[in-house]
$ cat run.cif   # mmCIF, C-alpha atoms
data_entry
#
loop_
_atom_site.group_PDB
_atom_site.id
_atom_site.type_symbol
_atom_site.label_atom_id
_atom_site.label_comp_id
_atom_site.auth_asym_id
_atom_site.auth_seq_id
_atom_site.Cartn_x
_atom_site.Cartn_y
_atom_site.Cartn_z
ATOM 1 C CA GLU A 824 -28.456 9.970 21.182
ATOM 2 C CA SER A 825 -26.706 8.910 24.382
ATOM 3 C CA LEU A 826 -29.382 6.249 24.894
ATOM 4 C CA LEU A 827 -28.784 4.799 21.411
ATOM 5 C CA SER A 828 -24.990 4.614 21.678
ATOM 6 C CA LYS A 829 -23.128 1.805 23.432
ATOM 7 C CA PHE A 830 -20.185 4.136 24.122
ATOM 8 C CA PRO A 831 -19.674 7.550 25.718
ATOM 9 C CA LEU A 832 -20.412 10.402 23.330
ATOM 10 C CA ARG A 833 -17.515 12.532 22.125
ATOM 11 C CA ASP A 834 -17.619 16.219 22.932
ATOM 12 C CA LEU A 835 -16.472 18.084 19.792
ATOM 13 C CA GLY A 836 -16.770 21.590 21.178
ATOM 14 C CA LEU A 837 -19.256 24.415 20.661
ATOM 15 C CA THR A 838 -21.253 25.560 17.644
ATOM 16 C CA ALA A 839 -23.072 28.870 17.164
ATOM 17 C CA ASP A 840 -26.206 27.280 18.606
ATOM 18 C CA ASP A 841 -25.168 24.541 20.986
ATOM 19 C CA GLY A 842 -22.548 21.957 21.872
ATOM 20 C CA ALA A 843 -21.502 19.413 19.215
ATOM 21 C CA ILE A 844 -21.350 15.715 20.086
ATOM 22 C CA LEU A 845 -20.654 12.584 18.072
ATOM 23 C CA SER A 846 -21.361 8.923 18.818
ATOM 24 C CA GLU A 847 -18.829 6.173 18.156
ATOM 25 C CA GLU A 848 -21.318 4.489 15.826
ATOM 26 C CA ALA A 849 -21.522 7.629 13.669
ATOM 27 C CA ARG A 850 -17.768 8.088 13.773
ATOM 28 C CA ALA A 851 -17.202 4.508 12.602
ATOM 29 C CA SER A 852 -18.776 5.379 9.251
ATOM 30 C CA HIS A 853 -17.243 7.674 6.631
ATOM 31 C CA ILE A 854 -17.055 11.324 7.656
ATOM 32 C CA HIS A 855 -16.545 14.306 5.365
ATOM 33 C CA ILE A 856 -14.931 17.349 6.948
ATOM 34 C CA LEU A 857 -15.793 20.291 4.705
ATOM 35 C CA GLY A 858 -14.651 23.891 4.901
ATOM 36 C CA THR A 859 -12.728 26.618 3.106
ATOM 37 C CA THR A 860 -9.037 27.342 3.633
ATOM 38 C CA ARG A 861 -8.000 27.998 7.250
ATOM 39 C CA GLU A 862 -11.429 27.050 8.636
ATOM 40 C CA GLY A 863 -9.900 24.471 10.989
ATOM 41 C CA LYS A 864 -10.268 21.161 9.096
ATOM 42 C CA SER A 865 -6.768 20.012 10.043
ATOM 43 C CA LYS A 866 -7.242 21.028 13.671
ATOM 44 C CA PHE A 867 -10.467 19.021 13.721
ATOM 45 C CA LEU A 868 -8.589 15.960 12.445
ATOM 46 C CA GLU A 869 -5.870 16.530 15.031
ATOM 47 C CA MET A 870 -8.520 16.544 17.745
ATOM 48 C CA PHE A 871 -9.916 13.214 16.531
ATOM 49 C CA LEU A 872 -6.448 11.671 16.570
ATOM 50 C CA SER A 873 -5.688 13.026 20.032
ATOM 51 C CA HIS A 874 -8.861 11.331 21.318
ATOM 52 C CA ASP A 875 -7.686 7.971 19.975
ATOM 53 C CA MET A 876 -4.010 8.045 20.906
ATOM 54 C CA GLY A 877 -3.227 5.880 23.875
ATOM 55 C CA SER A 878 -6.678 4.299 23.994
ATOM 56 C CA TYR A 879 -6.987 2.799 20.520
ATOM 57 C CA GLY A 880 -4.101 3.938 18.357
ATOM 58 C CA ALA A 881 -4.688 5.813 15.091
ATOM 59 C CA THR A 882 -3.514 6.166 11.491
ATOM 60 C CA LEU A 883 -3.375 9.314 9.350
ATOM 61 C CA LEU A 884 -2.714 9.177 5.598
ATOM 62 C CA ASP A 885 -2.072 12.829 4.797
ATOM 63 C CA PRO A 886 -2.245 13.984 1.132
ATOM 64 C CA SER A 887 -2.005 17.687 2.010
ATOM 65 C CA ASP A 888 0.824 19.896 0.697
ATOM 66 C CA ASN A 889 4.099 19.007 2.428
ATOM 67 C CA GLY A 890 2.179 16.714 4.798
ATOM 68 C CA ASP A 891 1.501 19.681 7.091
ATOM 69 C CA THR A 892 -1.294 17.962 9.053
ATOM 70 C CA CYS A 893 0.853 14.871 9.523
ATOM 71 C CA TYR A 894 3.725 16.912 10.957
ATOM 72 C CA ASN A 895 1.426 19.018 13.149
ATOM 73 C CA VAL A 896 0.075 15.825 14.717
ATOM 74 C CA LEU A 897 3.656 14.586 15.143
ATOM 75 C CA LYS A 898 4.587 17.798 17.008
ATOM 76 C CA TRP A 899 1.518 17.430 19.221
ATOM 77 C CA ALA A 900 2.386 13.785 20.011
ATOM 78 C CA ILE A 901 5.961 14.758 20.913
ATOM 79 C CA SER A 902 4.733 17.578 23.143
ATOM 80 C CA LYS A 903 2.539 15.080 25.015
ATOM 81 C CA GLY A 904 5.377 12.586 25.424
ATOM 82 C CA PHE A 905 3.676 9.962 23.248
ATOM 83 C CA GLU A 906 6.401 7.480 22.235
ATOM 84 C CA LYS A 907 4.601 4.951 20.028
ATOM 85 C CA VAL A 908 4.725 7.013 16.843
ATOM 86 C CA CYS A 909 5.693 5.755 13.368
ATOM 87 C CA LEU A 910 6.295 8.476 10.752
ATOM 88 C CA ILE A 911 6.296 7.212 7.164
ATOM 89 C CA ASP A 912 7.609 9.888 4.801
ATOM 90 C CA PRO A 913 8.707 8.553 1.393
ATOM 91 C CA HIS A 914 10.049 12.020 0.527
ATOM 92 C CA ASP A 915 12.719 11.741 3.216
ATOM 93 C CA SER A 916 14.841 9.388 1.126
ATOM 94 C CA GLU A 917 18.190 10.741 2.345
ATOM 95 C CA THR A 918 17.706 9.711 5.982
ATOM 96 C CA ALA A 919 15.076 6.963 6.238
ATOM 97 C CA ILE A 920 13.056 4.903 3.783
ATOM 98 C CA PRO A 921 9.926 3.096 5.019
ATOM 99 C CA CYS A 922 9.914 -0.498 3.771
ATOM 100 C CA ILE A 923 6.485 -1.886 2.901
ATOM 101 C CA ASN A 924 6.128 -5.290 1.271
ATOM 102 C CA PRO A 925 2.576 -5.811 -0.073
ATOM 103 C CA LEU A 926 3.641 -9.366 -0.995
ATOM 104 C CA ARG A 927 4.662 -10.224 2.570
ATOM 105 C CA PHE A 928 4.035 -13.959 2.925
ATOM 106 C CA ARG A 929 0.979 -14.756 5.058
ATOM 107 C CA GLY A 930 0.584 -18.437 4.168
ATOM 108 C CA MET A 931 -0.501 -20.150 0.957
ATOM 109 C CA ALA A 932 -4.188 -19.769 1.787
ATOM 110 C CA ALA A 933 -3.851 -15.973 1.520
ATOM 111 C CA THR A 934 -2.482 -16.006 -2.051
ATOM 112 C CA ASP A 935 -5.695 -15.031 -3.844
ATOM 113 C CA ALA A 936 -6.518 -12.247 -1.368
ATOM 114 C CA VAL A 937 -3.023 -10.722 -1.579
ATOM 115 C CA VAL A 938 -3.047 -10.850 -5.398
ATOM 116 C CA ALA A 939 -6.541 -9.311 -5.546
ATOM 117 C CA ASN A 940 -5.480 -6.421 -3.276
ATOM 118 C CA ILE A 941 -2.477 -5.587 -5.439
ATOM 119 C CA MET A 942 -4.533 -5.861 -8.636
ATOM 120 C CA ASP A 943 -6.917 -3.279 -7.132
ATOM 121 C CA SER A 944 -3.953 -0.970 -6.501
ATOM 122 C CA LEU A 945 -2.703 -1.419 -10.071
ATOM 123 C CA ARG A 946 -6.117 -0.489 -11.448
ATOM 124 C CA VAL A 947 -5.921 2.772 -9.504
ATOM 125 C CA LEU A 948 -2.348 3.367 -10.694
ATOM 126 C CA TRP A 949 -3.392 2.969 -14.329
ATOM 127 C CA GLY A 950 -6.771 4.662 -13.986
ATOM 128 C CA GLN A 951 -8.830 1.614 -14.927
ATOM 129 C CA ALA A 952 -11.913 0.408 -13.081
ATOM 130 C CA GLU A 953 -11.362 -3.101 -14.471
ATOM 131 C CA PHE A 954 -8.809 -4.981 -16.572
ATOM 132 C CA ASN A 955 -11.594 -7.085 -18.115
ATOM 133 C CA SER A 956 -11.255 -5.145 -21.372
ATOM 134 C CA THR A 957 -7.663 -6.408 -21.586
ATOM 135 C CA PRO A 958 -7.905 -10.181 -20.956
ATOM 136 C CA ARG A 959 -4.165 -10.761 -21.366
ATOM 137 C CA ILE A 960 -3.451 -8.423 -18.433
ATOM 138 C CA GLU A 961 -6.133 -10.179 -16.391
ATOM 139 C CA ALA A 962 -4.362 -13.473 -17.123
ATOM 140 C CA TYR A 963 -0.665 -12.591 -16.874
ATOM 141 C CA LEU A 964 -0.486 -10.035 -14.057
ATOM 142 C CA PRO A 965 -2.154 -12.284 -11.442
ATOM 143 C CA ALA A 966 0.177 -15.106 -12.508
ATOM 144 C CA ILE A 967 3.240 -12.915 -11.942
ATOM 145 C CA LEU A 968 1.967 -11.662 -8.583
ATOM 146 C CA SER A 969 1.066 -15.205 -7.527
ATOM 147 C CA VAL A 970 4.533 -16.650 -8.158
ATOM 148 C CA LEU A 971 6.212 -13.641 -6.516
ATOM 149 C CA TYR A 972 4.080 -14.144 -3.417
ATOM 150 C CA LYS A 973 4.682 -17.900 -3.257
ATOM 151 C CA ALA A 974 8.424 -17.338 -3.713
ATOM 152 C CA LYS A 975 8.407 -14.743 -0.886
ATOM 153 C CA ALA A 976 9.706 -12.113 -3.311
ATOM 154 C CA THR A 977 8.797 -8.431 -3.805
ATOM 155 C CA LEU A 978 7.078 -6.306 -6.444
ATOM 156 C CA PRO A 979 10.372 -4.901 -7.828
ATOM 157 C CA ASP A 980 11.560 -8.516 -8.339
ATOM 158 C CA ALA A 981 9.031 -8.701 -11.191
ATOM 159 C CA GLN A 982 11.570 -6.817 -13.304
ATOM 160 C CA CYS A 983 13.191 -10.154 -14.146
ATOM 161 C CA PHE A 984 10.115 -10.937 -16.270
ATOM 162 C CA LEU A 985 10.567 -7.783 -18.354
ATOM 163 C CA VAL A 986 13.406 -9.152 -20.531
ATOM 164 C CA LYS A 987 13.417 -12.709 -21.840
ATOM 165 C CA GLU A 988 16.900 -13.213 -23.311
ATOM 166 C CA ASP A 989 18.968 -11.605 -20.528
ATOM 167 C CA ASN A 990 21.098 -14.046 -18.488
ATOM 168 C CA HIS A 991 20.775 -12.188 -15.199
ATOM 169 C CA SER A 992 17.000 -11.888 -15.573
ATOM 170 C CA ALA A 993 16.790 -15.580 -16.438
ATOM 171 C CA TYR A 994 18.791 -16.448 -13.297
ATOM 172 C CA ILE A 995 16.432 -14.416 -11.071
ATOM 173 C CA ARG A 996 13.384 -15.969 -12.788
ATOM 174 C CA HIS A 997 14.669 -19.462 -12.081
ATOM 175 C CA ARG A 998 15.248 -18.582 -8.419
ATOM 176 C CA ILE A 999 11.626 -17.415 -8.198
ATOM 177 C CA LEU A 1000 10.012 -20.212 -10.216
ATOM 178 C CA ASP A 1001 12.076 -23.285 -9.237
ATOM 179 C CA PRO A 1002 10.631 -23.698 -5.682
ATOM 180 C CA ILE A 1003 7.077 -23.564 -7.072
ATOM 181 C CA PRO A 1004 5.556 -26.911 -8.191
ATOM 182 C CA ARG A 1005 5.466 -27.362 -11.975
ATOM 183 C CA TYR A 1006 1.739 -28.083 -11.858
ATOM 184 C CA ASP A 1007 1.008 -24.704 -10.225
ATOM 185 C CA GLU A 1008 -1.371 -22.811 -12.520
ATOM 186 C CA ALA A 1009 0.529 -19.513 -12.341
ATOM 187 C CA ARG A 1010 3.849 -21.217 -13.051
ATOM 188 C CA LEU A 1011 2.367 -23.093 -16.029
ATOM 189 C CA ILE A 1012 1.300 -19.762 -17.545
ATOM 190 C CA LEU A 1013 4.768 -18.259 -17.140
ATOM 191 C CA ASP A 1014 6.606 -21.414 -18.261
ATOM 192 C CA GLU A 1015 4.639 -21.246 -21.496
ATOM 193 C CA VAL A 1016 5.713 -17.631 -22.065
ATOM 194 C CA PHE A 1017 9.384 -18.172 -21.210
ATOM 195 C CA GLY A 1018 9.700 -21.591 -22.813
ATOM 196 C CA ALA A 1019 11.539 -22.266 -26.069
ATOM 197 C CA LYS A 1020 8.421 -21.600 -28.159
ATOM 198 C CA GLY A 1021 7.132 -18.633 -26.188
ATOM 199 C CA GLN A 1022 8.776 -15.733 -28.052
ATOM 200 C CA GLN A 1023 5.602 -14.799 -29.918
ATOM 201 C CA LEU A 1024 3.572 -14.899 -26.704
ATOM 202 C CA PHE A 1025 6.189 -12.788 -24.929
ATOM 203 C CA LEU A 1026 6.316 -10.086 -27.583
ATOM 204 C CA GLY A 1027 2.652 -10.168 -28.574
ATOM 205 C CA GLU A 1028 0.837 -10.430 -25.253
ATOM 206 C CA PHE A 1029 3.003 -10.756 -22.161
ATOM 207 C CA LYS A 1030 5.295 -7.741 -22.437
ATOM 208 C CA ALA A 1031 2.433 -5.241 -22.396
ATOM 209 C CA SER A 1032 1.203 -6.842 -19.164
ATOM 210 C CA ILE A 1033 4.505 -6.824 -17.279
ATOM 211 C CA ARG A 1034 4.967 -3.153 -18.148
ATOM 212 C CA ARG A 1035 2.039 -2.412 -15.830
ATOM 213 C CA LEU A 1036 4.466 -3.102 -12.979
ATOM 214 C CA ALA A 1037 7.136 -0.737 -14.369
ATOM 215 C CA PRO A 1038 6.456 2.039 -11.789
ATOM 216 C CA PHE A 1039 7.703 -0.356 -9.092
ATOM 217 C CA PHE A 1040 11.044 -0.742 -10.895
ATOM 218 C CA LYS A 1041 12.068 2.900 -10.368
ATOM 219 C CA TYR A 1042 14.658 3.848 -7.775
ATOM 220 C CA LEU A 1043 12.511 5.127 -4.899
ATOM 221 C CA PRO A 1044 9.703 2.522 -5.232
ATOM 222 C CA ARG A 1045 12.390 -0.180 -5.295
ATOM 223 C CA LEU A 1046 13.658 1.080 -1.949
ATOM 224 C CA ILE A 1047 10.160 1.180 -0.451
ATOM 225 C CA TYR A 1048 8.715 -2.068 -1.837
ATOM 226 C CA GLY A 1049 11.899 -4.075 -2.413
ATOM 227 C CA SER A 1050 12.711 -5.500 1.027
ATOM 228 C CA THR A 1051 11.596 -8.829 2.499
ATOM 229 C CA LYS A 1052 13.349 -8.409 5.857
ATOM 230 C CA GLU A 1053 13.251 -4.905 7.330
ATOM 231 C CA THR A 1054 9.580 -4.207 6.630
ATOM 232 C CA LEU A 1055 7.128 -2.386 8.864
ATOM 233 C CA ASP A 1056 5.116 -4.740 11.077
ATOM 234 C CA PHE A 1057 1.664 -3.154 10.909
ATOM 235 C CA ARG A 1058 0.027 -6.009 12.810
ATOM 236 C CA LYS A 1059 2.297 -5.350 15.784
ATOM 237 C CA MET A 1060 1.817 -1.577 15.612
ATOM 238 C CA VAL A 1061 -1.966 -1.873 15.437
ATOM 239 C CA SER A 1062 -2.103 -4.332 18.346
ATOM 240 C CA GLU A 1063 0.181 -2.092 20.432
ATOM 241 C CA LYS A 1064 -1.919 1.020 19.637
ATOM 242 C CA TRP A 1065 0.684 3.032 17.758
ATOM 243 C CA LEU A 1066 0.079 6.353 16.047
ATOM 244 C CA ILE A 1067 0.955 5.836 12.363
ATOM 245 C CA LEU A 1068 1.478 8.961 10.240
ATOM 246 C CA MET A 1069 2.097 8.913 6.474
ATOM 247 C CA ASN A 1070 3.017 11.902 4.315
ATOM 248 C CA LEU A 1071 1.370 11.347 0.921
ATOM 249 C CA ASP A 1072 2.124 14.786 -0.543
ATOM 250 C CA LYS A 1073 2.004 14.280 -4.324
ATOM 251 C CA THR A 1074 3.742 17.493 -5.341
ATOM 252 C CA ARG A 1075 7.349 16.700 -4.456
ATOM 253 C CA VAL A 1076 8.081 13.185 -5.686
ATOM 254 C CA TRP A 1077 5.165 10.987 -6.521
ATOM 255 C CA GLY A 1078 2.475 12.481 -8.671
ATOM 256 C CA THR A 1079 -1.181 11.584 -8.185
ATOM 257 C CA ALA A 1080 -1.010 7.988 -9.487
ATOM 258 C CA GLN A 1081 1.906 6.918 -7.267
ATOM 259 C CA GLN A 1082 0.416 8.788 -4.316
ATOM 260 C CA ARG A 1083 -2.916 6.955 -4.636
ATOM 261 C CA THR A 1084 -1.218 3.601 -5.214
ATOM 262 C CA LEU A 1085 0.902 3.901 -2.065
ATOM 263 C CA GLY A 1086 -2.183 5.014 -0.128
ATOM 264 C CA ILE A 1087 -4.222 2.010 -1.245
ATOM 265 C CA LEU A 1088 -1.370 -0.428 -0.582
ATOM 266 C CA MET A 1089 -1.026 1.114 2.874
ATOM 267 C CA ILE A 1090 -4.753 0.726 3.552
ATOM 268 C CA ASN A 1091 -4.578 -2.931 2.444
ATOM 269 C CA GLU A 1092 -1.715 -3.499 4.884
ATOM 270 C CA LEU A 1093 -3.684 -1.939 7.746
ATOM 271 C CA VAL A 1094 -6.851 -3.893 6.945
ATOM 272 C CA SER A 1095 -4.832 -7.123 6.885
ATOM 273 C CA ALA A 1096 -3.313 -6.188 10.240
ATOM 274 C CA ILE A 1097 -6.654 -5.685 12.007
#
$ encode --input "run.cif" --output "structure tokens"
Amino acid sequence: ESLLSKFPLRDLGLTADDGAILSEEARASHIHILGTTREGKSKFLEMFLSHDMGSYGATLLDPSDNGDTCYNVLKWAISKGFEKVCLIDPHDSETAIPCINPLRFRGMAATDAVVANIMDSLRVLWGQAEFNSTPRIEAYLPAILSVLYKAKATLPDAQCFLVKEDNHSAYIRHRILDPIPRYDEARLILDEVFGAKGQQLFLGEFKASIRRLAPFFKYLPRLIYGSTKETLDFRKMVSEKWLILMNLDKTRVWGTAQQRTLGILMINELVSAI
């Protein structure tokens, strides 16, 4: 195996029969770590992370109860004097809220990719493999996400599209839509809905679509996804080889759907940063 690998093999320790090694090529693919309770799965993950820290950087998205693995790795990093550590714990809302903006502007050419990534996250949130069975959602949601991105807004800002006849919502909508050219396809779709003759469209088709973004309008998601300024710079952290730890424990605040949505949005951010 050492002859086939372009990198030094990793020594994983001893088995009942022999030593265990792993090549970088094998590690680059998906790995399942299987075992019953207290068999050492978390310790095995901690060992992997300790190998990467300092040389490559690493990220752990931890869905375990209370984020125990995440905090064990944090303690280990502190004990070793490792300073480039970013802990993202959405449950710690009283002291620090991580700000992540999936709509962070990356240039007009990136619009379709950013919208597609968020649509994937929404499908997970709502437990749907595709929105093709609901064509109105497939039409309206990308239009909303597109104008938000082009206006350098955030996901919670979509709340202004939830009510048509409210003056404050109308003011926010105008601030989002006015800088976008009138011939823009996404703006044309929304202008039709919010125009003088669009009440039937709004009530009959559009409102059911915008409600798919309702989970982002709640208090804690607004804090996490609602900033355009003080957001985490994943590109910088990846390039500087930081250790990024995220507590995705579903039992305290989120529930499975919100947990998985935040995880996927986080993965999209990291992939974009690489």
$ closest_atom_pairs --input "run.cif" --of "range 1032-1097 of chain A" --to "range 972-976 of chain A" --cutoff "12 Å" --atoms "all atoms listed in the file" --output "JSON lines"
{"residue": "A:Tyr1048", "atom": "CA", "partner": "A:Ala976", "partner_atom": "CA", "distance": 10.2}
{"residue": "A:Gly1049", "atom": "CA", "partner": "A:Ala976", "partner_atom": "CA", "distance": 8.4}
{"residue": "A:Ser1050", "atom": "CA", "partner": "A:Ala976", "partner_atom": "CA", "distance": 8.5}
{"residue": "A:Thr1051", "atom": "CA", "partner": "A:Ala976", "partner_atom": "CA", "distance": 6.9}
{"residue": "A:Lys1052", "atom": "CA", "partner": "A:Lys975", "partner_atom": "CA", "distance": 10.5}
$ closest_residue --input "run.cif" --among "A:Ile1087, A:Val938, A:Val896, A:Leu968" --to "Lys866 in chain A" --atoms "only C-alpha atoms"
A:Val896
$ residues_around --input "run.cif" --residues "Asp912 in chain A" --least-positions-apart "2" --cutoff "7 Å" --atoms "only C-alpha atoms" --output "count of residues only"
5
$ resolve_selection --input "run.cif" --expression "the PyMOL selection byres ((chain A and resi 1020-1027) around 12)" --output "PyMOL selection string"
chain A and resi 959-960+963+984-988+1012-1019+1028-1034
$ closest_residue --input "run.cif" --among "A:Ala939, A:Met876, A:Ala900, A:Pro925" --to "Leu964 in chain A" --atoms "all atoms listed in the file"
A:Ala939
$ residues_around --input "run.cif" --residues "Asp834 in chain A" --least-positions-apart "2" --cutoff "7 Å" --atoms "only C-alpha atoms" --output "MDAnalysis selection string"
chainID A and resid 832 836 843:845
$ resolve_selection --input "run.cif" --expression "the PyMOL selection byres ((chain A and resi 850) around 12)" --output "list in words"
Ser828, Phe830, Leu832, Arg833, Leu835, Ile844, Leu845, Ser846, Glu847, Glu848, Ala849, Ala851, Ser852, His853, Ile854, His855, Ile856, Phe871 and Asp875 of chain A
$ resolve_selection --input "run.cif" --expression "the PyMOL selection byres ((chain A and resi 1039) around 9)" --output "PyMOL selection string"
chain A and resi 978-979+981-982+1036-1038+1040-1045+1048-1049
$ atom_distance --input "run.cif" --atom1 "CA of Met870 in chain A" --atom2 "CA of Gly1078 in chain A"
28.9 Å
$ atom_distance --input "run.cif" --atom1 "CA of Ser873 in chain A" --atom2 "CA of Trp899 in chain A"
8.5 Å
$ closest_residue --input "run.cif" --among "A:Leu1011, A:Ile1090, A:Leu1085, A:Ile920" --to "Asp1072 in chain A" --atoms "all atoms listed in the file"
A:Leu1085
$ atom_distance --input "run.cif" --atom1 "CA of Met1089 in chain A" --atom2 "CA of Asp1007 in chain A"
29.0 Å
$ closest_residue --input "run.cif" --among "A:Ile995, A:Leu1066, A:Ile901, A:Val1061" --to "Leu1093 in chain A" --atoms "all atoms listed in the file"
A:Val1061
$ closest_residue --input "run.cif" --among "A:Leu971, A:Leu857, A:Leu872, A:Ile1097" --to "Ile941 in chain A" --atoms "all atoms listed in the file"
A:Leu971
$ closest_residue --input "run.cif" --among "A:Leu948, A:Ala993, A:Ala881, A:Ile1003" --to "Lys907 in chain A" --atoms "all atoms listed in the file"
A:Ala881
$ axis_aligned_box --input "run.cif" --around "range 839-858 of chain A" --padding-each-side "6 Å" --output "lines of an AutoDock Vina configuration file"
center_x = -20.4
center_y = 16.7
center_z = 13.3
size_x = 23.6
size_y = 36.4
size_z = 29.2
$ residues_around --input "run.cif" --residues "range 890-894 of chain A" --least-positions-apart "2" --cutoff "8 Å" --atoms "only C-alpha atoms" --output "PyMOL selection string"
chain A and resi 865+869+883-888+896-898+1068-1072
$ write_last_selection --input "run.cif" --atoms "C-alpha atoms" --output "mmCIF file, keeping the file's coordinate frame"
data_model
loop_
_atom_site.group_PDB
_atom_site.id
_atom_site.type_symbol
_atom_site.label_atom_id
_atom_site.label_comp_id
_atom_site.auth_asym_id
_atom_site.auth_seq_id
_atom_site.Cartn_x
_atom_site.Cartn_y
_atom_site.Cartn_z
ATOM 1 C CA SER A 865 -6.768 20.012 10.043
ATOM 2 C CA GLU A 869 -5.870 16.530 15.031
ATOM 3 C CA LEU A 883 -3.375 9.314 9.350
ATOM 4 C CA LEU A 884 -2.714 9.177 5.598
ATOM 5 C CA ASP A 885 -2.072 12.829 4.797
ATOM 6 C CA PRO A 886 -2.245 13.984 1.132
ATOM 7 C CA SER A 887 -2.005 17.687 2.010
ATOM 8 C CA ASP A 888 0.824 19.896 0.697
ATOM 9 C CA VAL A 896 0.075 15.825 14.717
ATOM 10 C CA LEU A 897 3.656 14.586 15.143
ATOM 11 C CA LYS A 898 4.587 17.798 17.008
ATOM 12 C CA LEU A 1068 1.478 8.961 10.240
ATOM 13 C CA MET A 1069 2.097 8.913 6.474
ATOM 14 C CA ASN A 1070 3.017 11.902 4.315
ATOM 15 C CA LEU A 1071 1.370 11.347 0.921
ATOM 16 C CA ASP A 1072 2.124 14.786 -0.543
#
$ decode --input "run.cif" --residues "range 875-892 of chain A" --atoms "N, CA and C atoms" --output "compact mmCIF listing (two decimals), in the first residue's frame"
# COMPACT_ATOMS: atom_id res chain seq x y z
N ASP A 875 -4.59 16.35 11.55
CA ASP A 875 -4.73 17.41 10.55
C ASP A 875 -4.41 18.80 11.08
N MET A 876 -4.65 19.01 12.36
CA MET A 876 -4.47 20.36 12.92
C MET A 876 -3.03 20.82 12.76
N GLY A 877 -2.89 22.04 12.32
CA GLY A 877 -1.56 22.60 12.13
C GLY A 877 -1.01 22.36 10.74
N SER A 878 -1.26 21.18 10.19
CA SER A 878 -0.75 20.87 8.85
C SER A 878 -1.74 21.25 7.76
N TYR A 879 -3.02 20.93 7.98
CA TYR A 879 -4.02 21.17 6.95
C TYR A 879 -5.19 22.02 7.45
N GLY A 880 -5.47 21.99 8.74
CA GLY A 880 -6.72 22.52 9.23
C GLY A 880 -7.77 21.43 9.16
N ALA A 881 -8.91 21.61 9.85
CA ALA A 881 -9.93 20.57 9.87
C ALA A 881 -11.27 21.17 10.28
N THR A 882 -12.35 20.47 9.93
CA THR A 882 -13.70 20.90 10.30
C THR A 882 -14.45 19.70 10.86
N LEU A 883 -15.16 19.90 11.97
CA LEU A 883 -16.01 18.86 12.55
C LEU A 883 -17.42 19.40 12.71
N LEU A 884 -18.39 18.78 12.05
CA LEU A 884 -19.80 19.07 12.26
C LEU A 884 -20.34 17.95 13.15
N ASP A 885 -20.64 18.28 14.39
CA ASP A 885 -20.91 17.27 15.41
C ASP A 885 -22.39 17.22 15.77
N PRO A 886 -23.13 16.16 15.33
CA PRO A 886 -24.55 16.04 15.66
C PRO A 886 -24.81 15.25 16.95
N SER A 887 -23.75 14.89 17.68
CA SER A 887 -23.94 14.06 18.87
C SER A 887 -24.60 14.86 19.99
N ASP A 888 -25.16 14.16 20.98
CA ASP A 888 -25.85 14.80 22.09
C ASP A 888 -24.92 15.78 22.80
N ASN A 889 -25.40 17.02 22.92
CA ASN A 889 -24.68 18.10 23.59
C ASN A 889 -23.37 18.49 22.89
N GLY A 890 -23.12 17.92 21.71
CA GLY A 890 -21.88 18.24 21.00
C GLY A 890 -20.66 17.77 21.77
N ASP A 891 -20.76 16.61 22.42
CA ASP A 891 -19.67 16.14 23.30
C ASP A 891 -18.35 15.99 22.54
N THR A 892 -18.39 15.39 21.34
CA THR A 892 -17.16 15.20 20.58
C THR A 892 -16.52 16.54 20.23
